file target.pdb (PDB, C-alpha atoms)
ATOM      1  CA  MET A   1     106.705 110.459 122.320  1.00  0.00           C
ATOM      2  CA  LYS A   2     109.216 107.697 121.701  1.00  0.00           C
ATOM      3  CA  LYS A   3     111.563 108.204 118.738  1.00  0.00           C
ATOM      4  CA  ILE A   4     112.892 105.168 116.862  1.00  0.00           C
ATOM      5  CA  ILE A   5     115.807 105.563 114.447  1.00  0.00           C
ATOM      6  CA  PHE A   6     116.121 102.796 111.864  1.00  0.00           C
ATOM      7  CA  ASP A   7     119.026 101.944 109.633  1.00  0.00           C
ATOM      8  CA  PHE A   8     117.725 101.060 106.163  1.00  0.00           C
ATOM      9  CA  ASP A   9     119.956  98.549 104.376  1.00  0.00           C
ATOM     10  CA  GLY A  10     120.173  95.358 106.400  1.00  0.00           C
ATOM     11  CA  VAL A  11     117.319  96.316 108.727  1.00  0.00           C
ATOM     12  CA  ILE A  12     114.464  97.201 106.376  1.00  0.00           C
ATOM     13  CA  LEU A  13     115.893  96.362 102.935  1.00  0.00           C
ATOM     14  CA  ASP A  14     117.550  93.038 102.118  1.00  0.00           C
ATOM     15  CA  SER A  15     120.296  94.570  99.995  1.00  0.00           C
ATOM     16  CA  PHE A  16     123.580  92.835 100.869  1.00  0.00           C
ATOM     17  CA  ASP A  17     123.988  90.693  97.742  1.00  0.00           C
ATOM     18  CA  ILE A  18     123.067  93.503  95.360  1.00  0.00           C
ATOM     19  CA  VAL A  19     125.305  96.009  97.136  1.00  0.00           C
ATOM     20  CA  LEU A  20     128.134  93.467  96.981  1.00  0.00           C
ATOM     21  CA  ARG A  21     127.689  93.134  93.225  1.00  0.00           C
ATOM     22  CA  GLU A  22     127.178  96.792  92.349  1.00  0.00           C
ATOM     23  CA  LEU A  23     129.751  98.220  94.756  1.00  0.00           C
ATOM     24  CA  GLY A  24     132.162  95.502  93.699  1.00  0.00           C
ATOM     25  CA  ASN A  25     131.872  96.687  90.101  1.00  0.00           C
ATOM     26  CA  LEU A  26     132.531 100.245  91.223  1.00  0.00           C
ATOM     27  CA  HIS A  27     135.555  99.160  93.241  1.00  0.00           C
ATOM     28  CA  GLN A  28     137.019  97.827  90.019  1.00  0.00           C
ATOM     29  CA  LYS A  29     136.217 101.039  88.182  1.00  0.00           C
ATOM     30  CA  PHE A  30     137.791 103.237  90.874  1.00  0.00           C
ATOM     31  CA  HIS A  31     140.802 100.934  91.326  1.00  0.00           C
ATOM     32  CA  LEU A  32     139.885  99.907  94.858  1.00  0.00           C
ATOM     33  CA  PRO A  33     140.543  96.456  96.352  1.00  0.00           C
ATOM     34  CA  GLU A  34     138.371  93.582  95.162  1.00  0.00           C
ATOM     35  CA  LEU A  35     135.206  93.323  97.222  1.00  0.00           C
ATOM     36  CA  THR A  36     134.240  90.035  98.871  1.00  0.00           C
ATOM     37  CA  LYS A  37     131.405  89.296 101.310  1.00  0.00           C
ATOM     38  CA  GLU A  38     133.797  89.559 104.246  1.00  0.00           C
ATOM     39  CA  LYS A  39     135.360  92.793 102.990  1.00  0.00           C
ATOM     40  CA  LEU A  40     131.935  94.343 102.449  1.00  0.00           C
ATOM     41  CA  SER A  41     131.026  93.469 106.026  1.00  0.00           C
ATOM     42  CA  ASP A  42     134.345  94.964 107.169  1.00  0.00           C
ATOM     43  CA  LEU A  43     133.437  98.302 105.576  1.00  0.00           C
ATOM     44  CA  PHE A  44     130.589  98.551 108.105  1.00  0.00           C
ATOM     45  CA  ASP A  45     132.795  97.881 111.138  1.00  0.00           C
ATOM     46  CA  GLY A  46     133.259 101.647 111.292  1.00  0.00           C
ATOM     47  CA  ASN A  47     132.072 104.568 109.192  1.00  0.00           C
ATOM     48  CA  PHE A  48     131.408 103.260 105.667  1.00  0.00           C
ATOM     49  CA  TRP A  49     132.901 106.216 103.803  1.00  0.00           C
ATOM     50  CA  GLU A  50     135.800 106.742 106.174  1.00  0.00           C
ATOM     51  CA  ASN A  51     136.733 103.122 105.600  1.00  0.00           C
ATOM     52  CA  HIS A  52     136.686 103.763 101.863  1.00  0.00           C
ATOM     53  CA  LYS A  53     139.140 106.614 102.354  1.00  0.00           C
ATOM     54  CA  ALA A  54     141.397 104.185 104.203  1.00  0.00           C
ATOM     55  CA  LEU A  55     141.366 102.041 101.054  1.00  0.00           C
ATOM     56  CA  GLY A  56     142.740 104.986  99.072  1.00  0.00           C
ATOM     57  CA  LEU A  57     139.570 106.654  97.792  1.00  0.00           C
ATOM     58  CA  SER A  58     140.139 110.371  97.236  1.00  0.00           C
ATOM     59  CA  GLU A  59     137.559 113.012  98.148  1.00  0.00           C
ATOM     60  CA  GLU A  60     136.968 113.715  94.465  1.00  0.00           C
ATOM     61  CA  ASP A  61     136.411 110.055  93.668  1.00  0.00           C
ATOM     62  CA  GLU A  62     134.264 109.640  96.795  1.00  0.00           C
ATOM     63  CA  SER A  63     131.781 112.154  95.382  1.00  0.00           C
ATOM     64  CA  LYS A  64     131.767 110.330  92.036  1.00  0.00           C
ATOM     65  CA  LEU A  65     131.415 106.921  93.675  1.00  0.00           C
ATOM     66  CA  LYS A  66     128.468 108.108  95.767  1.00  0.00           C
ATOM     67  CA  VAL A  67     126.632 109.293  92.648  1.00  0.00           C
ATOM     68  CA  GLU A  68     127.338 106.101  90.712  1.00  0.00           C
ATOM     69  CA  LEU A  69     126.344 103.896  93.655  1.00  0.00           C
ATOM     70  CA  LYS A  70     123.126 105.868  94.054  1.00  0.00           C
ATOM     71  CA  ASP A  71     122.283 105.310  90.388  1.00  0.00           C
ATOM     72  CA  ALA A  72     123.206 101.625  90.550  1.00  0.00           C
ATOM     73  CA  LEU A  73     121.014 101.007  93.591  1.00  0.00           C
ATOM     74  CA  ALA A  74     118.160 102.966  92.034  1.00  0.00           C
ATOM     75  CA  ARG A  75     118.333 100.700  88.960  1.00  0.00           C
ATOM     76  CA  THR A  76     118.311  97.531  91.036  1.00  0.00           C
ATOM     77  CA  GLN A  77     115.527  98.332  93.513  1.00  0.00           C
ATOM     78  CA  SER A  78     113.318  95.566  92.150  1.00  0.00           C
ATOM     79  CA  GLU A  79     116.006  92.995  93.040  1.00  0.00           C
ATOM     80  CA  MET A  80     116.045  93.973  96.716  1.00  0.00           C
ATOM     81  CA  PRO A  81     113.051  92.842  98.806  1.00  0.00           C
ATOM     82  CA  LEU A  82     112.016  94.165 102.174  1.00  0.00           C
ATOM     83  CA  PHE A  83     112.707  91.759 105.001  1.00  0.00           C
ATOM     84  CA  GLU A  84     109.744  89.595 105.926  1.00  0.00           C
ATOM     85  CA  ASP A  85     107.302  91.258 108.354  1.00  0.00           C
ATOM     86  CA  ILE A  86     109.269  94.536 108.563  1.00  0.00           C
ATOM     87  CA  LYS A  87     106.618  96.485 106.654  1.00  0.00           C
ATOM     88  CA  GLU A  88     103.908  95.521 109.122  1.00  0.00           C
ATOM     89  CA  VAL A  89     106.252  96.211 112.051  1.00  0.00           C
ATOM     90  CA  LEU A  90     106.971  99.746 110.832  1.00  0.00           C
ATOM     91  CA  LYS A  91     103.300 100.508 110.344  1.00  0.00           C
ATOM     92  CA  GLU A  92     102.467  99.260 113.827  1.00  0.00           C
ATOM     93  CA  LEU A  93     105.307 101.158 115.510  1.00  0.00           C
ATOM     94  CA  SER A  94     104.372 104.383 113.704  1.00  0.00           C
ATOM     95  CA  LYS A  95     101.032 104.422 115.548  1.00  0.00           C
ATOM     96  CA  SER A  96     102.717 105.251 118.849  1.00  0.00           C
ATOM     97  CA  SER A  97     106.250 106.418 117.964  1.00  0.00           C
ATOM     98  CA  GLN A  98     108.069 108.801 115.634  1.00  0.00           C
ATOM     99  CA  LEU A  99     110.074 106.802 113.098  1.00  0.00           C
ATOM    100  CA  VAL A 100     113.229 108.109 111.429  1.00  0.00           C
ATOM    101  CA  ILE A 101     115.513 106.434 108.890  1.00  0.00           C
ATOM    102  CA  LEU A 102     119.249 107.096 109.141  1.00  0.00           C
ATOM    103  CA  SER A 103     121.315 105.504 106.384  1.00  0.00           C
ATOM    104  CA  SER A 104     124.513 105.515 104.323  1.00  0.00           C
ATOM    105  CA  ASN A 105     122.183 105.001 101.353  1.00  0.00           C
ATOM    106  CA  HIS A 106     120.811 107.971  99.422  1.00  0.00           C
ATOM    107  CA  ALA A 107     117.699 109.634 100.816  1.00  0.00           C
ATOM    108  CA  GLU A 108     116.154 109.932  97.356  1.00  0.00           C
ATOM    109  CA  ASN A 109     116.369 106.167  96.792  1.00  0.00           C
ATOM    110  CA  ILE A 110     114.986 105.460 100.261  1.00  0.00           C
ATOM    111  CA  ILE A 111     112.044 107.836  99.900  1.00  0.00           C
ATOM    112  CA  LYS A 112     111.115 106.411  96.502  1.00  0.00           C
ATOM    113  CA  ARG A 113     111.134 102.903  97.945  1.00  0.00           C
ATOM    114  CA  LEU A 114     109.052 103.968 100.940  1.00  0.00           C
ATOM    115  CA  GLU A 115     106.510 105.530  98.587  1.00  0.00           C
ATOM    116  CA  TYR A 116     106.388 102.364  96.477  1.00  0.00           C
ATOM    117  CA  GLU A 117     105.825 100.251  99.584  1.00  0.00           C
ATOM    118  CA  GLU A 118     103.167 102.683 100.903  1.00  0.00           C
ATOM    119  CA  LEU A 119     105.320 103.377 103.947  1.00  0.00           C
ATOM    120  CA  ARG A 120     106.128 107.053 103.440  1.00  0.00           C
ATOM    121  CA  ASP A 121     103.461 108.211 105.894  1.00  0.00           C
ATOM    122  CA  ALA A 122     104.926 105.939 108.580  1.00  0.00           C
ATOM    123  CA  ILE A 123     108.341 107.660 108.468  1.00  0.00           C
ATOM    124  CA  GLU A 124     108.755 111.154 109.893  1.00  0.00           C
ATOM    125  CA  HIS A 125     112.187 111.883 108.409  1.00  0.00           C
ATOM    126  CA  VAL A 126     114.877 110.304 106.215  1.00  0.00           C
ATOM    127  CA  SER A 127     118.561 111.183 106.670  1.00  0.00           C
ATOM    128  CA  GLY A 128     120.817 109.749 103.961  1.00  0.00           C
ATOM    129  CA  THR A 129     124.419 109.958 102.868  1.00  0.00           C
ATOM    130  CA  GLU A 130     123.780 113.469 101.520  1.00  0.00           C
ATOM    131  CA  THR A 131     123.396 114.786 105.066  1.00  0.00           C
ATOM    132  CA  PRO A 132     126.773 116.059 106.365  1.00  0.00           C
ATOM    133  CA  GLY A 133     128.480 114.328 109.282  1.00  0.00           C
ATOM    134  CA  ASN A 134     129.073 110.820 110.553  1.00  0.00           C
ATOM    135  CA  LYS A 135     126.371 108.597 112.049  1.00  0.00           C
ATOM    136  CA  LYS A 136     126.982 109.875 115.577  1.00  0.00           C
ATOM    137  CA  GLU A 137     126.625 113.508 114.493  1.00  0.00           C
ATOM    138  CA  LYS A 138     123.501 112.698 112.521  1.00  0.00           C
ATOM    139  CA  VAL A 139     121.943 110.875 115.462  1.00  0.00           C
ATOM    140  CA  GLN A 140     122.729 113.859 117.708  1.00  0.00           C
ATOM    141  CA  GLU A 141     120.961 116.155 115.240  1.00  0.00           C
ATOM    142  CA  ILE A 142     117.943 113.855 115.018  1.00  0.00           C
ATOM    143  CA  ILE A 143     117.502 113.498 118.775  1.00  0.00           C
ATOM    144  CA  LYS A 144     118.073 117.081 119.877  1.00  0.00           C
ATOM    145  CA  ASN A 145     115.070 118.478 121.727  1.00  0.00           C
ATOM    146  CA  THR A 146     113.586 114.963 121.973  1.00  0.00           C
ATOM    147  CA  GLU A 147     112.017 114.434 125.392  1.00  0.00           C
ATOM    148  CA  GLY A 148     110.872 110.816 125.148  1.00  0.00           C
ATOM    149  CA  PRO A 149     112.874 107.563 124.922  1.00  0.00           C
ATOM    150  CA  ILE A 150     115.157 107.118 121.904  1.00  0.00           C
ATOM    151  CA  VAL A 151     115.823 103.748 120.276  1.00  0.00           C
ATOM    152  CA  PHE A 152     118.389 103.124 117.521  1.00  0.00           C
ATOM    153  CA  VAL A 153     117.868  99.971 115.421  1.00  0.00           C
ATOM    154  CA  THR A 154     120.830  98.843 113.312  1.00  0.00           C
ATOM    155  CA  ASP A 155     122.508  95.765 111.853  1.00  0.00           C
ATOM    156  CA  THR A 156     126.168  96.872 111.959  1.00  0.00           C
ATOM    157  CA  LYS A 157     128.921  97.059 114.532  1.00  0.00           C
ATOM    158  CA  GLY A 158     130.057 100.421 113.127  1.00  0.00           C
ATOM    159  CA  ASP A 159     126.715 102.074 113.854  1.00  0.00           C
ATOM    160  CA  LEU A 160     126.711 100.682 117.374  1.00  0.00           C
ATOM    161  CA  LEU A 161     130.214 101.984 118.049  1.00  0.00           C
ATOM    162  CA  GLU A 162     129.372 105.459 116.720  1.00  0.00           C
ATOM    163  CA  ALA A 163     126.375 105.627 119.073  1.00  0.00           C
ATOM    164  CA  ASN A 164     128.201 104.151 122.073  1.00  0.00           C
ATOM    165  CA  ASP A 165     128.411 107.295 124.192  1.00  0.00           C
ATOM    166  CA  LEU A 166     124.920 108.592 123.353  1.00  0.00           C
ATOM    167  CA  ASP A 167     122.103 108.229 125.867  1.00  0.00           C
ATOM    168  CA  ILE A 168     119.956 105.994 123.676  1.00  0.00           C
ATOM    169  CA  THR A 169     118.894 102.354 123.544  1.00  0.00           C
ATOM    170  CA  LYS A 170     120.781 100.456 120.849  1.00  0.00           C
ATOM    171  CA  VAL A 171     118.942  97.504 119.320  1.00  0.00           C
ATOM    172  CA  ALA A 172     121.024  95.251 117.066  1.00  0.00           C
ATOM    173  CA  VAL A 173     119.323  92.949 114.535  1.00  0.00           C
ATOM    174  CA  THR A 174     120.868  89.735 113.259  1.00  0.00           C
ATOM    175  CA  TRP A 175     119.192  89.508 109.839  1.00  0.00           C
ATOM    176  CA  GLY A 176     121.383  92.158 108.194  1.00  0.00           C
ATOM    177  CA  TYR A 177     125.019  92.810 107.285  1.00  0.00           C
ATOM    178  CA  HIS A 178     126.680  91.631 110.521  1.00  0.00           C
ATOM    179  CA  SER A 179     126.548  88.432 112.535  1.00  0.00           C
ATOM    180  CA  ARG A 180     125.473  88.238 116.169  1.00  0.00           C
ATOM    181  CA  GLU A 181     129.120  87.761 117.157  1.00  0.00           C
ATOM    182  CA  ARG A 182     130.254  90.904 115.357  1.00  0.00           C
ATOM    183  CA  LEU A 183     127.314  92.898 116.689  1.00  0.00           C
ATOM    184  CA  MET A 184     128.251  91.954 120.251  1.00  0.00           C
ATOM    185  CA  GLU A 185     131.567  93.763 119.717  1.00  0.00           C
ATOM    186  CA  GLY A 186     129.565  96.991 119.324  1.00  0.00           C
ATOM    187  CA  ASN A 187     128.039  96.714 122.808  1.00  0.00           C
ATOM    188  CA  PRO A 188     124.321  96.783 121.881  1.00  0.00           C
ATOM    189  CA  SER A 189     121.651  97.218 124.549  1.00  0.00           C
ATOM    190  CA  ILE A 190     119.845  94.189 123.161  1.00  0.00           C
ATOM    191  CA  ILE A 191     119.942  91.883 120.133  1.00  0.00           C
ATOM    192  CA  VAL A 192     116.884  90.599 118.263  1.00  0.00           C
ATOM    193  CA  SER A 193     116.695  87.884 115.628  1.00  0.00           C
ATOM    194  CA  ALA A 194     113.356  88.538 113.888  1.00  0.00           C
ATOM    195  CA  PRO A 195     111.533  91.749 112.895  1.00  0.00           C
ATOM    196  CA  LYS A 196     108.384  90.948 114.890  1.00  0.00           C
ATOM    197  CA  GLU A 197     110.489  90.822 118.055  1.00  0.00           C
ATOM    198  CA  LEU A 198     110.954  94.583 117.693  1.00  0.00           C
ATOM    199  CA  LEU A 199     107.320  95.178 118.638  1.00  0.00           C
ATOM    200  CA  LYS A 200     107.737  93.491 121.999  1.00  0.00           C
ATOM    201  CA  ILE A 201     111.252  94.734 122.732  1.00  0.00           C
ATOM    202  CA  ILE A 202     110.672  98.396 121.839  1.00  0.00           C
ATOM    203  CA  SER A 203     107.435  98.530 123.809  1.00  0.00           C
ATOM    204  CA  VAL A 204     109.343  98.197 127.096  1.00  0.00           C
ATOM    205  CA  PHE A 205     111.595 101.224 126.547  1.00  0.00           C
TER     206      PHE A 205
END

call {"tool": "encode", "arguments": {"input": "target.pdb", "output": "C-alpha cells"}}
result
Amino acid sequence: MKKIIFDFDGVILDSFDIVLRELGNLHQKFHLPELTKEKLSDLFDGNFWENHKALGLSEEDESKLKVELKDALARTQSEMPLFEDIKEVLKELSKSSQLVILSSNHAENIIKRLEYEELRDAIEHVSGTETPGNKKEKVQEIIKNTEGPIVFVTDTKGDLLEANDLDITKVAVTWGYHSRERLMEGNPSIIVSAPKELLKIISVF
C-alpha cells in the first residue's frame, strides 16, 4: 500500500501568522533575534530547531521553548483554520493509502486537532517534535519495511533538503510557509498549488 507522509503546519494547518506572533513573543522572552515573516521562513530553510541553536538557543532553553510554544499553539488552535479542501483530500486519500503526519509541531496538539476535525481515523501515525531525530531520520523510521510507493508532502525547503537522498517522491505545496521559488531550491519531485491537485498527482505514483 502507498504511504503518504504529510507535514502539518503549512500543508494541513494554516498557522504561519499565529506561529509568527507566538514564536515572536517567545523569541523576545528567550533573548533571541526579533522574528519577522522573512526570518520565520528562514528558520524552515533547514532543520527548525538546529537553526534556533544557530541563533544562540541553548539546549536547556530549547526544552523550555518547546514546552512554551506547545502551550501557546494549543491556546490558539481556534485561530488557525485548516486549508480549504485539505480535509476532504485527506479523507479521500486515506481510502487507498496509509497517511502519516511528520511535524516540528507537538504530536499532542496535532492529535487533538485531528480529533476535533474528525480526521483522526484517517491518519495512521503522528510523529511530532517529541520524537528524537531530525526529519530525515524520522522519515527513515516511518518508511522502514514499507514495500509500496512513498510520497512526502511538505511546504518547506528544509524538509525537501533533508529528504533529498531518500528514495521517495517529494511533493512541494505552494500554499504554506515557502514560496515556489524557495521550494525549487529543495529539488522537489513535483510542485502543486492547490490541495485538490494532490488527489490527481499522488494517484500516479

call {"tool": "resolve_selection", "arguments": {"input": "target.pdb", "expression": "the PyMOL selection byres ((chain A and resi 100) around 6)", "output": "VMD selection string"}}
result
chain A and resid 5 99 101 123 to 126

call {"tool": "atom_distance", "arguments": {"input": "target.pdb", "atom1": "CA of Leu26 (chain A)", "atom2": "CA of Glu117 (chain A)"}}
result
28.0 Å

call {"tool": "atom_distance", "arguments": {"input": "target.pdb", "atom1": "CA of Glu34 (chain A)", "atom2": "CA of Thr156 (chain A)"}}
result
21.0 Å

call {"tool": "residues_around", "arguments": {"input": "target.pdb", "residues": "region 82-94 of chain A", "least_positions_apart": "6", "cutoff": "9 Å", "atoms": "all atoms listed in the file", "output": "PDB file with C-alpha atoms, in the frame of the given file"}}
result
ATOM      1  CA  ILE A   4     112.892 105.168 116.862  1.00  0.00           C
ATOM      2  CA  GLY A  10     120.173  95.358 106.400  1.00  0.00           C
ATOM      3  CA  VAL A  11     117.319  96.316 108.727  1.00  0.00           C
ATOM      4  CA  ILE A  12     114.464  97.201 106.376  1.00  0.00           C
ATOM      5  CA  LEU A  13     115.893  96.362 102.935  1.00  0.00           C
ATOM      6  CA  ASP A  14     117.550  93.038 102.118  1.00  0.00           C
ATOM      7  CA  SER A  15     120.296  94.570  99.995  1.00  0.00           C
ATOM      8  CA  GLU A 117     105.825 100.251  99.584  1.00  0.00           C
ATOM      9  CA  LEU A 119     105.320 103.377 103.947  1.00  0.00           C
ATOM     10  CA  ASP A 121     103.461 108.211 105.894  1.00  0.00           C
ATOM     11  CA  ALA A 122     104.926 105.939 108.580  1.00  0.00           C
ATOM     12  CA  ILE A 123     108.341 107.660 108.468  1.00  0.00           C
ATOM     13  CA  GLU A 124     108.755 111.154 109.893  1.00  0.00           C
ATOM     14  CA  TRP A 175     119.192  89.508 109.839  1.00  0.00           C
ATOM     15  CA  ALA A 194     113.356  88.538 113.888  1.00  0.00           C
ATOM     16  CA  PRO A 195     111.533  91.749 112.895  1.00  0.00           C
ATOM     17  CA  LYS A 196     108.384  90.948 114.890  1.00  0.00           C
ATOM     18  CA  LEU A 198     110.954  94.583 117.693  1.00  0.00           C
ATOM     19  CA  LEU A 199     107.320  95.178 118.638  1.00  0.00           C
ATOM     20  CA  ILE A 202     110.672  98.396 121.839  1.00  0.00           C
ATOM     21  CA  SER A 203     107.435  98.530 123.809  1.00  0.00           C
TER      22      SER A 203
END

call {"tool": "resolve_selection", "arguments": {"input": "target.pdb", "expression": "the PyMOL selection byres ((chain A and resi 65) around 12)", "output": "JSON list (two decimals) with C-alpha atoms, in the frame of the given file"}}
result
[["chain", "number", "residue", "atom", "x", "y", "z"],
["A", 22, "GLU", "CA", 127.18, 96.79, 92.35],
["A", 23, "LEU", "CA", 129.75, 98.22, 94.76],
["A", 24, "GLY", "CA", 132.16, 95.50, 93.70],
["A", 25, "ASN", "CA", 131.87, 96.69, 90.10],
["A", 26, "LEU", "CA", 132.53, 100.24, 91.22],
["A", 27, "HIS", "CA", 135.56, 99.16, 93.24],
["A", 28, "GLN", "CA", 137.02, 97.83, 90.02],
["A", 29, "LYS", "CA", 136.22, 101.04, 88.18],
["A", 30, "PHE", "CA", 137.79, 103.24, 90.87],
["A", 31, "HIS", "CA", 140.80, 100.93, 91.33],
["A", 32, "LEU", "CA", 139.88, 99.91, 94.86],
["A", 49, "TRP", "CA", 132.90, 106.22, 103.80],
["A", 52, "HIS", "CA", 136.69, 103.76, 101.86],
["A", 53, "LYS", "CA", 139.14, 106.61, 102.35],
["A", 57, "LEU", "CA", 139.57, 106.65, 97.79],
["A", 58, "SER", "CA", 140.14, 110.37, 97.24],
["A", 59, "GLU", "CA", 137.56, 113.01, 98.15],
["A", 60, "GLU", "CA", 136.97, 113.72, 94.46],
["A", 61, "ASP", "CA", 136.41, 110.06, 93.67],
["A", 62, "GLU", "CA", 134.26, 109.64, 96.80],
["A", 63, "SER", "CA", 131.78, 112.15, 95.38],
["A", 64, "LYS", "CA", 131.77, 110.33, 92.04],
["A", 66, "LYS", "CA", 128.47, 108.11, 95.77],
["A", 67, "VAL", "CA", 126.63, 109.29, 92.65],
["A", 68, "GLU", "CA", 127.34, 106.10, 90.71],
["A", 69, "LEU", "CA", 126.34, 103.90, 93.66],
["A", 70, "LYS", "CA", 123.13, 105.87, 94.05],
["A", 71, "ASP", "CA", 122.28, 105.31, 90.39],
["A", 72, "ALA", "CA", 123.21, 101.62, 90.55],
["A", 73, "LEU", "CA", 121.01, 101.01, 93.59],
["A", 129, "THR", "CA", 124.42, 109.96, 102.87]]

call {"tool": "atom_distance", "arguments": {"input": "target.pdb", "atom1": "CA of Ser104 (chain A)", "atom2": "CA of Gly128 (chain A)"}}
result
5.6 Å

call {"tool": "residues_around", "arguments": {"input": "target.pdb", "residues": "Ala74 (chain A)", "least_positions_apart": "4", "cutoff": "10 Å", "atoms": "all atoms listed in the file", "output": "PyMOL selection string"}}
result
chain A and resi 68-70+78+106+108-110+112-113

call {"tool": "resolve_selection", "arguments": {"input": "target.pdb", "expression": "the PyMOL selection byres ((chain A and resi 162) around 9)", "output": "NGL selection string"}}
result
:A and (46-47 or 134-137 or 157-161 or 163-166 or 186)

call {"tool": "closest_residue", "arguments": {"input": "target.pdb", "among": "A:Asp45, A:Glu118, A:Glu147, A:Glu50", "to": "Lys3 (chain A)", "atoms": "all atoms listed in the file"}}
result
A:Glu147

call {"tool": "closest_residue", "arguments": {"input": "target.pdb", "among": "A:Thr76, A:Thr169, A:Ser127, A:Thr154", "to": "Ile201 (chain A)", "atoms": "all atoms listed in the file"}}
result
A:Thr169

call {"tool": "residues_around", "arguments": {"input": "target.pdb", "residues": "Lys2 (chain A)", "least_positions_apart": "3", "cutoff": "6 Å", "atoms": "all atoms listed in the file", "output": "mmCIF file with C-alpha atoms, keeping the file's coordinate frame"}}
result
data_model
loop_
_atom_site.group_PDB
_atom_site.id
_atom_site.type_symbol
_atom_site.label_atom_id
_atom_site.label_comp_id
_atom_site.auth_asym_id
_atom_site.auth_seq_id
_atom_site.Cartn_x
_atom_site.Cartn_y
_atom_site.Cartn_z
ATOM 1 C CA SER A 97 106.250 106.418 117.964
ATOM 2 C CA GLY A 148 110.872 110.816 125.148
ATOM 3 C CA PRO A 149 112.874 107.563 124.922
ATOM 4 C CA ILE A 150 115.157 107.118 121.904
#

call {"tool": "closest_residue", "arguments": {"input": "target.pdb", "among": "A:Ile191, A:Ala107, A:Leu40, A:Met1", "to": "Val19 (chain A)", "atoms": "all atoms listed in the file"}}
result
A:Leu40

call {"tool": "axis_aligned_box", "arguments": {"input": "target.pdb", "around": "region 15-31 of chain A", "padding_each_side": "4 Å", "output": "lines of an AutoDock Vina configuration file"}}
result
center_x = 130.5
center_y = 97.0
center_z = 94.5
size_x = 28.5
size_y = 20.5
size_z = 20.7

call {"tool": "closest_residue", "arguments": {"input": "target.pdb", "among": "A:Thr174, A:Glu181, A:Phe205, A:Lys138", "to": "Ser193 (chain A)", "atoms": "all atoms listed in the file"}}
result
A:Thr174

call {"tool": "closest_residue", "arguments": {"input": "target.pdb", "among": "A:Phe8, A:Ser103, A:Asp167, A:Val192", "to": "Ser179 (chain A)", "atoms": "all atoms listed in the file"}}
result
A:Val192
